[in-house]
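run.pdb (PDB, C-alpha atoms and all ligand atoms)
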```pdb
ATOM      1  CA  MET I 149     -37.079  33.505 118.610  1.00  0.00           C
ATOM      2  CA  GLN I 150     -34.132  31.622 117.121  1.00  0.00           C
ATOM      3  CA  THR I 151     -34.890  28.653 114.820  1.00  0.00           C
ATOM      4  CA  LYS I 152     -33.839  25.285 116.250  1.00  0.00           C
ATOM      5  CA  PRO I 153     -31.145  23.830 113.948  1.00  0.00           C
ATOM      6  CA  GLY I 154     -32.199  20.838 111.866  1.00  0.00           C
ATOM      7  CA  LYS I 155     -31.009  17.247 112.242  1.00  0.00           C
ATOM      8  CA  LEU I 156     -28.990  15.144 109.805  1.00  0.00           C
ATOM      9  CA  PHE I 157     -30.029  11.682 108.627  1.00  0.00           C
ATOM     10  CA  ILE I 158     -27.243   9.785 106.938  1.00  0.00           C
ATOM     11  CA  PHE I 159     -28.106   6.739 104.826  1.00  0.00           C
ATOM     12  CA  SER I 160     -25.213   4.578 103.753  1.00  0.00           C
ATOM     13  CA  ALA I 161     -25.101   1.085 102.331  1.00  0.00           C
ATOM     14  CA  PRO I 162     -23.639  -0.969  99.562  1.00  0.00           C
ATOM     15  CA  SER I 163     -25.161  -0.036  96.222  1.00  0.00           C
ATOM     16  CA  GLY I 164     -28.408  -1.938  95.607  1.00  0.00           C
ATOM     17  CA  SER I 165     -29.413  -2.218  99.290  1.00  0.00           C
ATOM     18  CA  GLY I 166     -32.316   0.181  98.862  1.00  0.00           C
ATOM     19  CA  LYS I 167     -31.004   3.520 100.178  1.00  0.00           C
ATOM     20  CA  THR I 168     -32.505   5.558  97.361  1.00  0.00           C
ATOM     21  CA  THR I 169     -35.859   3.777  97.751  1.00  0.00           C
ATOM     22  CA  ILE I 170     -35.912   4.467 101.499  1.00  0.00           C
ATOM     23  CA  VAL I 171     -34.733   8.076 101.202  1.00  0.00           C
ATOM     24  CA  LYS I 172     -37.399   8.868  98.566  1.00  0.00           C
ATOM     25  CA  TYR I 173     -40.066   7.333 100.752  1.00  0.00           C
ATOM     26  CA  LEU I 174     -39.038   9.482 103.721  1.00  0.00           C
ATOM     27  CA  LEU I 175     -38.967  12.654 101.618  1.00  0.00           C
ATOM     28  CA  GLU I 176     -42.471  11.937 100.382  1.00  0.00           C
ATOM     29  CA  ASN I 177     -43.876  11.100 103.801  1.00  0.00           C
ATOM     30  CA  ILE I 178     -42.287  13.392 106.392  1.00  0.00           C
ATOM     31  CA  GLU I 179     -42.576  17.153 106.203  1.00  0.00           C
ATOM     32  CA  GLY I 180     -39.543  19.363 106.718  1.00  0.00           C
ATOM     33  CA  LEU I 181     -37.003  16.945 105.246  1.00  0.00           C
ATOM     34  CA  THR I 182     -34.629  18.022 102.481  1.00  0.00           C
ATOM     35  CA  PHE I 183     -32.261  15.954 100.402  1.00  0.00           C
ATOM     36  CA  SER I 184     -28.596  16.890 100.290  1.00  0.00           C
ATOM     37  CA  ILE I 185     -27.758  16.926  96.587  1.00  0.00           C
ATOM     38  CA  SER I 186     -24.231  15.625  96.110  1.00  0.00           C
ATOM     39  CA  ALA I 187     -21.791  16.500  93.380  1.00  0.00           C
ATOM     40  CA  THR I 188     -20.456  13.712  91.183  1.00  0.00           C
ATOM     41  CA  SER I 189     -18.163  13.220  88.219  1.00  0.00           C
ATOM     42  CA  ARG I 190     -19.975  10.071  87.056  1.00  0.00           C
ATOM     43  CA  LYS I 191     -22.130  10.142  83.925  1.00  0.00           C
ATOM     44  CA  MET I 192     -25.805  11.025  84.237  1.00  0.00           C
ATOM     45  CA  ARG I 193     -28.132   7.980  84.010  1.00  0.00           C
ATOM     46  CA  SER I 194     -31.295   8.146  81.987  1.00  0.00           C
ATOM     47  CA  GLY I 195     -34.069   9.662  84.072  1.00  0.00           C
ATOM     48  CA  GLU I 196     -31.665  11.657  86.238  1.00  0.00           C
ATOM     49  CA  GLN I 197     -31.630  15.465  86.331  1.00  0.00           C
ATOM     50  CA  ASN I 198     -28.774  17.826  87.013  1.00  0.00           C
ATOM     51  CA  GLY I 199     -29.427  19.741  90.235  1.00  0.00           C
ATOM     52  CA  LYS I 200     -32.051  17.238  91.377  1.00  0.00           C
ATOM     53  CA  ASP I 201     -30.330  13.865  91.654  1.00  0.00           C
ATOM     54  CA  TYR I 202     -26.780  15.215  91.637  1.00  0.00           C
ATOM     55  CA  PHE I 203     -24.768  18.207  90.516  1.00  0.00           C
ATOM     56  CA  PHE I 204     -23.032  16.538  87.589  1.00  0.00           C
ATOM     57  CA  MET I 205     -19.594  17.899  86.727  1.00  0.00           C
ATOM     58  CA  SER I 206     -16.393  16.932  84.980  1.00  0.00           C
ATOM     59  CA  GLU I 207     -13.573  15.317  86.924  1.00  0.00           C
ATOM     60  CA  ASP I 208     -11.525  18.511  86.395  1.00  0.00           C
ATOM     61  CA  GLU I 209     -14.222  20.693  87.920  1.00  0.00           C
ATOM     62  CA  PHE I 210     -14.643  18.252  90.816  1.00  0.00           C
ATOM     63  CA  LYS I 211     -10.908  18.346  91.531  1.00  0.00           C
ATOM     64  CA  SER I 212     -10.795  22.124  91.371  1.00  0.00           C
ATOM     65  CA  ARG I 213     -13.587  22.271  93.988  1.00  0.00           C
ATOM     66  CA  ILE I 214     -11.606  19.867  96.206  1.00  0.00           C
ATOM     67  CA  ALA I 215      -8.660  22.246  95.918  1.00  0.00           C
ATOM     68  CA  LYS I 216     -10.907  25.165  96.924  1.00  0.00           C
ATOM     69  CA  ASN I 217     -12.024  23.213 100.030  1.00  0.00           C
ATOM     70  CA  GLU I 218     -15.680  23.331  98.975  1.00  0.00           C
ATOM     71  CA  PHE I 219     -16.538  19.801 100.183  1.00  0.00           C
ATOM     72  CA  LEU I 220     -17.658  18.706 103.645  1.00  0.00           C
ATOM     73  CA  GLU I 221     -16.508  15.238 102.527  1.00  0.00           C
ATOM     74  CA  TRP I 222     -15.717  13.561  99.237  1.00  0.00           C
ATOM     75  CA  GLU I 223     -14.689  10.066  98.083  1.00  0.00           C
ATOM     76  CA  GLU I 224     -13.593   8.425  94.874  1.00  0.00           C
ATOM     77  CA  VAL I 225     -16.366   5.884  95.473  1.00  0.00           C
ATOM     78  CA  TYR I 226     -15.540   3.858  92.347  1.00  0.00           C
ATOM     79  CA  SER I 227     -12.283   4.197  90.469  1.00  0.00           C
ATOM     80  CA  GLY I 228     -12.603   7.336  88.311  1.00  0.00           C
ATOM     81  CA  SER I 229     -15.978   8.368  89.833  1.00  0.00           C
ATOM     82  CA  PHE I 230     -15.875  11.121  92.452  1.00  0.00           C
ATOM     83  CA  TYR I 231     -18.768  11.938  94.784  1.00  0.00           C
ATOM     84  CA  GLY I 232     -18.946  14.636  97.440  1.00  0.00           C
ATOM     85  CA  THR I 233     -21.134  16.738  99.704  1.00  0.00           C
ATOM     86  CA  LEU I 234     -20.808  20.478  99.130  1.00  0.00           C
ATOM     87  CA  LYS I 235     -20.563  22.517 102.350  1.00  0.00           C
ATOM     88  CA  SER I 236     -22.775  25.167 100.781  1.00  0.00           C
ATOM     89  CA  GLU I 237     -25.605  22.605 100.492  1.00  0.00           C
ATOM     90  CA  VAL I 238     -25.712  21.649 104.150  1.00  0.00           C
ATOM     91  CA  ASP I 239     -25.133  24.406 106.690  1.00  0.00           C
ATOM     92  CA  GLU I 240     -27.639  26.851 105.279  1.00  0.00           C
ATOM     93  CA  MET I 241     -30.428  24.257 105.337  1.00  0.00           C
ATOM     94  CA  LEU I 242     -29.629  23.183 108.905  1.00  0.00           C
ATOM     95  CA  GLN I 243     -29.668  26.783 110.100  1.00  0.00           C
ATOM     96  CA  GLN I 244     -33.085  27.242 108.521  1.00  0.00           C
ATOM     97  CA  GLY I 245     -34.267  24.349 110.730  1.00  0.00           C
ATOM     98  CA  LYS I 246     -34.548  21.866 107.857  1.00  0.00           C
ATOM     99  CA  HIS I 247     -33.658  18.236 108.479  1.00  0.00           C
ATOM    100  CA  VAL I 248     -31.191  17.039 105.883  1.00  0.00           C
ATOM    101  CA  LEU I 249     -31.074  13.517 104.397  1.00  0.00           C
ATOM    102  CA  PHE I 250     -27.860  12.153 102.923  1.00  0.00           C
ATOM    103  CA  ASP I 251     -27.396   9.217 100.558  1.00  0.00           C
ATOM    104  CA  VAL I 252     -23.635   8.738 100.703  1.00  0.00           C
ATOM    105  CA  ASP I 253     -21.154   5.899 100.688  1.00  0.00           C
ATOM    106  CA  VAL I 254     -20.100   4.250 103.940  1.00  0.00           C
ATOM    107  CA  LEU I 255     -16.884   6.234 104.501  1.00  0.00           C
ATOM    108  CA  GLY I 256     -18.557   9.537 103.597  1.00  0.00           C
ATOM    109  CA  GLY I 257     -21.403   8.695 105.996  1.00  0.00           C
ATOM    110  CA  LEU I 258     -19.048   8.049 108.899  1.00  0.00           C
ATOM    111  CA  ASN I 259     -17.182  11.300 108.158  1.00  0.00           C
ATOM    112  CA  ILE I 260     -20.413  13.316 108.273  1.00  0.00           C
ATOM    113  CA  LYS I 261     -21.403  11.584 111.531  1.00  0.00           C
ATOM    114  CA  GLN I 262     -18.038  12.409 113.068  1.00  0.00           C
ATOM    115  CA  HIS I 263     -18.412  16.047 112.081  1.00  0.00           C
ATOM    116  CA  TYR I 264     -21.974  16.542 113.379  1.00  0.00           C
ATOM    117  CA  GLN I 265     -21.978  13.991 116.239  1.00  0.00           C
ATOM    118  CA  ASP I 266     -25.294  13.922 118.164  1.00  0.00           C
ATOM    119  CA  GLN I 267     -27.034  16.187 115.644  1.00  0.00           C
ATOM    120  CA  ALA I 268     -26.734  13.317 113.139  1.00  0.00           C
ATOM    121  CA  LEU I 269     -28.241   9.829 112.961  1.00  0.00           C
ATOM    122  CA  ALA I 270     -26.192   7.423 110.844  1.00  0.00           C
ATOM    123  CA  VAL I 271     -28.230   4.559 109.351  1.00  0.00           C
ATOM    124  CA  PHE I 272     -26.690   1.579 107.575  1.00  0.00           C
ATOM    125  CA  VAL I 273     -29.191   0.035 105.172  1.00  0.00           C
ATOM    126  CA  LYS I 274     -28.586  -3.681 104.788  1.00  0.00           C
ATOM    127  CA  ALA I 275     -29.951  -6.072 102.183  1.00  0.00           C
ATOM    128  CA  PRO I 276     -30.448  -9.622 103.443  1.00  0.00           C
ATOM    129  CA  SER I 277     -27.481 -11.033 101.459  1.00  0.00           C
ATOM    130  CA  ILE I 278     -24.932 -10.316  98.730  1.00  0.00           C
ATOM    131  CA  SER I 279     -26.869 -12.471  96.273  1.00  0.00           C
ATOM    132  CA  VAL I 280     -30.020 -10.403  96.885  1.00  0.00           C
ATOM    133  CA  LEU I 281     -27.945  -7.257  96.291  1.00  0.00           C
ATOM    134  CA  GLN I 282     -26.785  -8.658  92.979  1.00  0.00           C
ATOM    135  CA  GLU I 283     -30.333  -9.527  91.918  1.00  0.00           C
ATOM    136  CA  ARG I 284     -31.522  -6.007  92.833  1.00  0.00           C
ATOM    137  CA  LEU I 285     -28.741  -4.352  90.853  1.00  0.00           C
ATOM    138  CA  GLN I 286     -29.508  -6.566  87.855  1.00  0.00           C
ATOM    139  CA  SER I 287     -33.211  -5.851  87.960  1.00  0.00           C
ATOM    140  CA  ARG I 288     -32.618  -2.079  88.399  1.00  0.00           C
ATOM    141  CA  LEU I 289     -31.188  -2.111  84.822  1.00  0.00           C
ATOM    142  CA  THR I 290     -28.977   0.930  85.399  1.00  0.00           C
ATOM    143  CA  ASP I 291     -25.510  -0.619  85.458  1.00  0.00           C
ATOM    144  CA  SER I 292     -23.465  -2.744  83.077  1.00  0.00           C
ATOM    145  CA  ALA I 293     -22.366  -6.251  84.125  1.00  0.00           C
ATOM    146  CA  GLU I 294     -18.884  -4.835  84.748  1.00  0.00           C
ATOM    147  CA  GLN I 295     -20.214  -2.016  86.949  1.00  0.00           C
ATOM    148  CA  ILE I 296     -22.356  -4.497  88.890  1.00  0.00           C
ATOM    149  CA  GLN I 297     -19.284  -6.641  89.480  1.00  0.00           C
ATOM    150  CA  LYS I 298     -17.378  -3.598  90.839  1.00  0.00           C
ATOM    151  CA  ARG I 299     -20.296  -2.727  93.127  1.00  0.00           C
ATOM    152  CA  ILE I 300     -20.545  -6.280  94.492  1.00  0.00           C
ATOM    153  CA  GLU I 301     -16.817  -6.456  95.217  1.00  0.00           C
ATOM    154  CA  LYS I 302     -17.061  -3.182  97.096  1.00  0.00           C
ATOM    155  CA  ALA I 303     -20.185  -4.312  98.987  1.00  0.00           C
ATOM    156  CA  GLU I 304     -18.288  -6.976 100.911  1.00  0.00           C
ATOM    157  CA  PHE I 305     -15.822  -4.363 102.170  1.00  0.00           C
ATOM    158  CA  GLU I 306     -18.594  -1.877 103.027  1.00  0.00           C
ATOM    159  CA  MET I 307     -20.533  -4.459 105.070  1.00  0.00           C
ATOM    160  CA  THR I 308     -17.629  -4.574 107.538  1.00  0.00           C
ATOM    161  CA  PHE I 309     -18.482  -0.984 108.616  1.00  0.00           C
ATOM    162  CA  ALA I 310     -22.121  -1.687 109.485  1.00  0.00           C
ATOM    163  CA  ASP I 311     -21.641  -1.804 113.248  1.00  0.00           C
ATOM    164  CA  LYS I 312     -20.012   1.641 113.313  1.00  0.00           C
ATOM    165  CA  PHE I 313     -23.403   3.167 112.443  1.00  0.00           C
ATOM    166  CA  ASP I 314     -26.026   4.244 114.987  1.00  0.00           C
ATOM    167  CA  ILE I 315     -28.628   1.945 113.426  1.00  0.00           C
ATOM    168  CA  ILE I 316     -28.687  -1.003 111.018  1.00  0.00           C
ATOM    169  CA  LEU I 317     -31.917  -1.060 109.010  1.00  0.00           C
ATOM    170  CA  ILE I 318     -32.568  -4.449 107.420  1.00  0.00           C
ATOM    171  CA  ASN I 319     -34.247  -3.905 104.057  1.00  0.00           C
ATOM    172  CA  ASP I 320     -35.753  -7.300 103.265  1.00  0.00           C
ATOM    173  CA  ASP I 321     -39.491  -6.743 103.428  1.00  0.00           C
ATOM    174  CA  LEU I 322     -39.773  -3.170 102.099  1.00  0.00           C
ATOM    175  CA  ALA I 323     -43.045  -2.352 103.892  1.00  0.00           C
ATOM    176  CA  LYS I 324     -41.512  -3.350 107.228  1.00  0.00           C
ATOM    177  CA  ALA I 325     -38.327  -1.352 106.593  1.00  0.00           C
ATOM    178  CA  ARG I 326     -40.411   1.716 105.662  1.00  0.00           C
ATOM    179  CA  ASN I 327     -42.472   1.529 108.859  1.00  0.00           C
ATOM    180  CA  GLU I 328     -39.396   1.082 110.999  1.00  0.00           C
ATOM    181  CA  ILE I 329     -37.530   3.998 109.501  1.00  0.00           C
ATOM    182  CA  ILE I 330     -40.492   6.368 109.694  1.00  0.00           C
ATOM    183  CA  SER I 331     -40.728   5.936 113.454  1.00  0.00           C
ATOM    184  CA  ILE I 332     -36.937   6.102 113.921  1.00  0.00           C
ATOM    185  CA  VAL I 333     -36.728   9.391 112.008  1.00  0.00           C
ATOM    186  CA  LEU I 334     -39.734  10.973 113.758  1.00  0.00           C
ATOM    187  CA  ASN I 335     -38.293   9.963 117.121  1.00  0.00           C
ATOM    188  CA  PHE I 336     -34.904  11.496 116.363  1.00  0.00           C
ATOM    189  CA  ILE I 337     -36.490  14.732 115.139  1.00  0.00           C
ATOM    190  CA  ASN I 338     -38.346  15.031 118.427  1.00  0.00           C
ATOM    191  CA  THR I 339     -35.399  14.319 120.758  1.00  0.00           C
TER
HETATM  192  P1  LIG F   1     -29.366   1.902  96.386  1.00  0.00           P
HETATM  193  O1  LIG F   1     -29.800   3.327  96.367  1.00  0.00           O
HETATM  194  O2  LIG F   1     -28.962   1.444  97.761  1.00  0.00           O
HETATM  195  O3  LIG F   1     -28.323   1.598  95.360  1.00  0.00           O
HETATM  196  P2  LIG F   1     -32.029   1.307  95.290  1.00  0.00           P
HETATM  197  O4  LIG F   1     -32.948   2.021  96.224  1.00  0.00           O
HETATM  198  O5  LIG F   1     -31.779   1.873  93.945  1.00  0.00           O
HETATM  199  O6  LIG F   1     -30.624   0.988  96.030  1.00  0.00           O
HETATM  200  O7  LIG F   1     -32.587  -0.199  95.170  1.00  0.00           O
HETATM  201  C1  LIG F   1     -32.004  -1.131  94.271  1.00  0.00           C
HETATM  202  C2  LIG F   1     -33.113  -1.892  93.533  1.00  0.00           C
HETATM  203  O8  LIG F   1     -33.780  -2.763  94.467  1.00  0.00           O
HETATM  204  C3  LIG F   1     -34.192  -0.973  92.954  1.00  0.00           C
HETATM  205  O9  LIG F   1     -34.613  -1.500  91.712  1.00  0.00           O
HETATM  206  C4  LIG F   1     -35.312  -1.033  94.014  1.00  0.00           C
HETATM  207  O10 LIG F   1     -36.587  -0.825  93.435  1.00  0.00           O
HETATM  208  C5  LIG F   1     -35.183  -2.460  94.556  1.00  0.00           C
HETATM  209  N1  LIG F   1     -35.555  -2.609  96.002  1.00  0.00           N
HETATM  210  C6  LIG F   1     -35.338  -1.738  97.014  1.00  0.00           C
HETATM  211  N2  LIG F   1     -35.772  -2.254  98.196  1.00  0.00           N
HETATM  212  C7  LIG F   1     -36.261  -3.477  97.913  1.00  0.00           C
HETATM  213  C8  LIG F   1     -36.864  -4.528  98.723  1.00  0.00           C
HETATM  214  N3  LIG F   1     -37.010  -4.430 100.050  1.00  0.00           N
HETATM  215  N4  LIG F   1     -37.238  -5.655  98.096  1.00  0.00           N
HETATM  216  C9  LIG F   1     -37.058  -5.803  96.750  1.00  0.00           C
HETATM  217  N5  LIG F   1     -36.519  -4.862  95.926  1.00  0.00           N
HETATM  218  C10 LIG F   1     -36.114  -3.721  96.494  1.00  0.00           C
HETATM  219  P1  LIG F   2     -24.746   6.009  92.436  1.00  0.00           P
HETATM  220  O1  LIG F   2     -23.687   6.056  91.357  1.00  0.00           O
HETATM  221  O2  LIG F   2     -25.437   4.667  92.497  1.00  0.00           O
HETATM  222  O3  LIG F   2     -25.700   7.162  92.389  1.00  0.00           O
HETATM  223  O4  LIG F   2     -23.995   6.153  93.823  1.00  0.00           O
HETATM  224  C1  LIG F   2     -22.882   5.385  94.101  1.00  0.00           C
HETATM  225  C2  LIG F   2     -22.472   5.554  95.547  1.00  0.00           C
HETATM  226  O5  LIG F   2     -22.010   6.890  95.809  1.00  0.00           O
HETATM  227  C3  LIG F   2     -23.617   5.314  96.528  1.00  0.00           C
HETATM  228  O6  LIG F   2     -23.116   4.469  97.572  1.00  0.00           O
HETATM  229  C4  LIG F   2     -23.917   6.690  97.043  1.00  0.00           C
HETATM  230  O7  LIG F   2     -24.434   6.641  98.345  1.00  0.00           O
HETATM  231  C5  LIG F   2     -22.535   7.319  97.033  1.00  0.00           C
HETATM  232  N1  LIG F   2     -22.579   8.785  97.114  1.00  0.00           N
HETATM  233  C6  LIG F   2     -23.485   9.621  96.547  1.00  0.00           C
HETATM  234  N2  LIG F   2     -23.233  10.884  96.890  1.00  0.00           N
HETATM  235  C7  LIG F   2     -22.149  10.867  97.697  1.00  0.00           C
HETATM  236  C8  LIG F   2     -21.425  11.883  98.412  1.00  0.00           C
HETATM  237  O8  LIG F   2     -21.714  13.073  98.372  1.00  0.00           O
HETATM  238  N3  LIG F   2     -20.371  11.468  99.156  1.00  0.00           N
HETATM  239  C9  LIG F   2     -20.002  10.173  99.247  1.00  0.00           C
HETATM  240  N4  LIG F   2     -18.963   9.879 100.038  1.00  0.00           N
HETATM  241  N5  LIG F   2     -20.663   9.194  98.606  1.00  0.00           N
HETATM  242  C10 LIG F   2     -21.731   9.537  97.849  1.00  0.00           C
END
```
Can you dump the structure from the file as structure tokens?
Amino acid sequence: MQTKPGKLFIFSAPSGSGKTTIVKYLLENIEGLTFSISATSRKMRSGEQNGKDYFFMSEDEFKSRIAKNEFLEWEEVYSGSFYGTLKSEVDEMLQQGKHVLFDVDVLGGLNIKQHYQDQALAVFVKAPSISVLQERLQSRLTDSAEQIQKRIEKAEFEMTFADKFDIILINDDLAKARNEIISIVLNFINT
């Protein structure tokens, strides 16, 4: 019997909204989900691992892979920092019947949705306000004040894409957001 192809779950949001938190929670709590590990040219943060959080590479290597058409989608998410989904990471997992989770920026998310259509569920994770986003980025302690400023400026632009997603998940009370997303994901797997 042929394996039923897996589904795609795309999580996009301005940085600091809680995508990573939500994606980790789903991976820990639903069987059969796999994370799509992106490639990036940004520097590794402390605590991150190559091949687990991202495939870290130089800008030159990233650009040579773009030229070789190895990406399903890629974006220069912040000036000088490239991020992209490698084709090799996705199709094999879907064919094995695994459901693949993506943590990508808003434009990358919409590109993946357009490519996979009804096989994909695109979720926009939304923090209650820009000031809450700023507080979360500050308390995460991973970005400089300048980087936080860049992320906040971009957030306002990214928010304008929210209604192009299949679902907007409000991440205010984390426990509530977790419960909501668990049932949304299980439902989509079973449709
Ligand atoms: P993103 O991946 O969207 O950039 P993170 O998941 O890293 O965001 O979350 C940003 C920060 O906010 C982290 O320190 C995280 O622990 C915290 N956080 C996430 N969700 C909530 C929430 N609902 N309430 C308060 N803090 C949260
Ligand atoms: P961070 O530097 O905080 O890990 O990620 C910055 C932004 O890049 C986040 O919005 C994240 O979702 C996005 N991102 C991560 N991987 C990819 C990818 O493969 N493609 C695109 N388009 N964006 C990505």
### Message
Give me, as a ChimeraX atom specification, all polymer residues having an atom no more than 12 Å from region 206-215 of chain I, counting all atoms listed in the file and skipping those fewer than 5 positions away in the same chain.
### Response
/I:186-192,220-224,227-236
### Query
Mind pulling up the distance from CA of Ile330 (chain I) to atom O3 of ligand LIG 1 (chain F)?
19.4 Å
At a cut-off of 7 Å around ligand LIG 1 (chain F), and using all atoms listed in the file, what residues come up? Please write them as a tab-separated table (two decimals) with C-alpha atoms, keeping the file's coordinate frame.
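Result file is selection-v1.tsv:
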```tsv
chain	number	residue	atom	x	y	z
I	161	ALA	CA	-25.10	1.08	102.33
I	162	PRO	CA	-23.64	-0.97	99.56
I	163	SER	CA	-25.16	-0.04	96.22
I	164	GLY	CA	-28.41	-1.94	95.61
I	165	SER	CA	-29.41	-2.22	99.29
I	166	GLY	CA	-32.32	0.18	98.86
I	167	LYS	CA	-31.00	3.52	100.18
I	168	THR	CA	-32.51	5.56	97.36
I	169	THR	CA	-35.86	3.78	97.75
I	170	ILE	CA	-35.91	4.47	101.50
I	284	ARG	CA	-31.52	-6.01	92.83
I	285	LEU	CA	-28.74	-4.35	90.85
I	287	SER	CA	-33.21	-5.85	87.96
I	288	ARG	CA	-32.62	-2.08	88.40
I	319	ASN	CA	-34.25	-3.90	104.06
I	320	ASP	CA	-35.75	-7.30	103.26
I	321	ASP	CA	-39.49	-6.74	103.43
I	322	LEU	CA	-39.77	-3.17	102.10
```
#### Entry: Non-local contacts of Glu328 (chain I) (10 Å; all atoms listed in the file; under 4 positions in same chain excluded) as a list in words
Leu317, Ile318, Asn319, Leu322, Ala323, Lys324, Ile332 and Val333 of chain I
Please list as a CSV table (one decimal) with C-alpha atoms, in the frame of the given file every residue within 9 Å of Gly180 (chain I), counting all atoms listed in the file and excluding residues in the same chain fewer than 4 positions away.
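Output file part_32.csv follows:
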```
chain,number,residue,atom,x,y,z
I,175,LEU,CA,-39.0,12.7,101.6
I,245,GLY,CA,-34.3,24.3,110.7
I,246,LYS,CA,-34.5,21.9,107.9
I,247,HIS,CA,-33.7,18.2,108.5
I,248,VAL,CA,-31.2,17.0,105.9
```
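You will find CA of Val238 (chain I) at 13.7 Å from atom C9 of ligand LIG 2 (chain F).
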### Query
If the PyMOL selection byres (((chain I and resi 259-271) around 9) and not hetatm) is run on the structure shown, which residues does it catch, given as an NGL selection string?
:I and (153-161 or 220-221 or 254-258 or 272-273 or 310 or 312-317 or 333 or 336)
### Task
Record the distance separating CA of Val252 (chain I) and atom P1 of ligand LIG 2 (chain F), expressed in Å with one decimal.
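Those two atoms sit 8.8 Å apart.
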Around ligand LIG 2 (chain F), with edges along x, y and z and 8 Å added on all six sides, what centre and edge lengths do you get, in Å to one decimal, as lines of an AutoDock Vina configuration file?
```
center_x = -22.3
center_y = 8.8
center_z = 95.7
size_x = 22.7
size_y = 24.6
size_z = 24.7
```
### Query
Nearest to ligand LIG 2 (chain F) among I:Asn335, I:Asn327, I:Ser194, I:Gln243, with distances taken over all atoms listed in the file: which residue is it?
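Counting all atoms listed in the file, the residue closest to ligand LIG 2 (chain F) is I:Ser194.
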### Message
Take the PyMOL selection byres (((chain I and resi 295) around 12) and not hetatm), run it mentally on this structure, and tell me the resulting residues as a PyMOL selection string.
### Response
chain I and resi 163-164+226-227+229+282+285-286+289-294+296-302
### Task
Point out the residue among I:Glu179, I:Leu174, I:Asn198, I:Ser279 with the least atom-to-atom distance to Ala325 (chain I), counting all atoms listed in the file.
I:Leu174
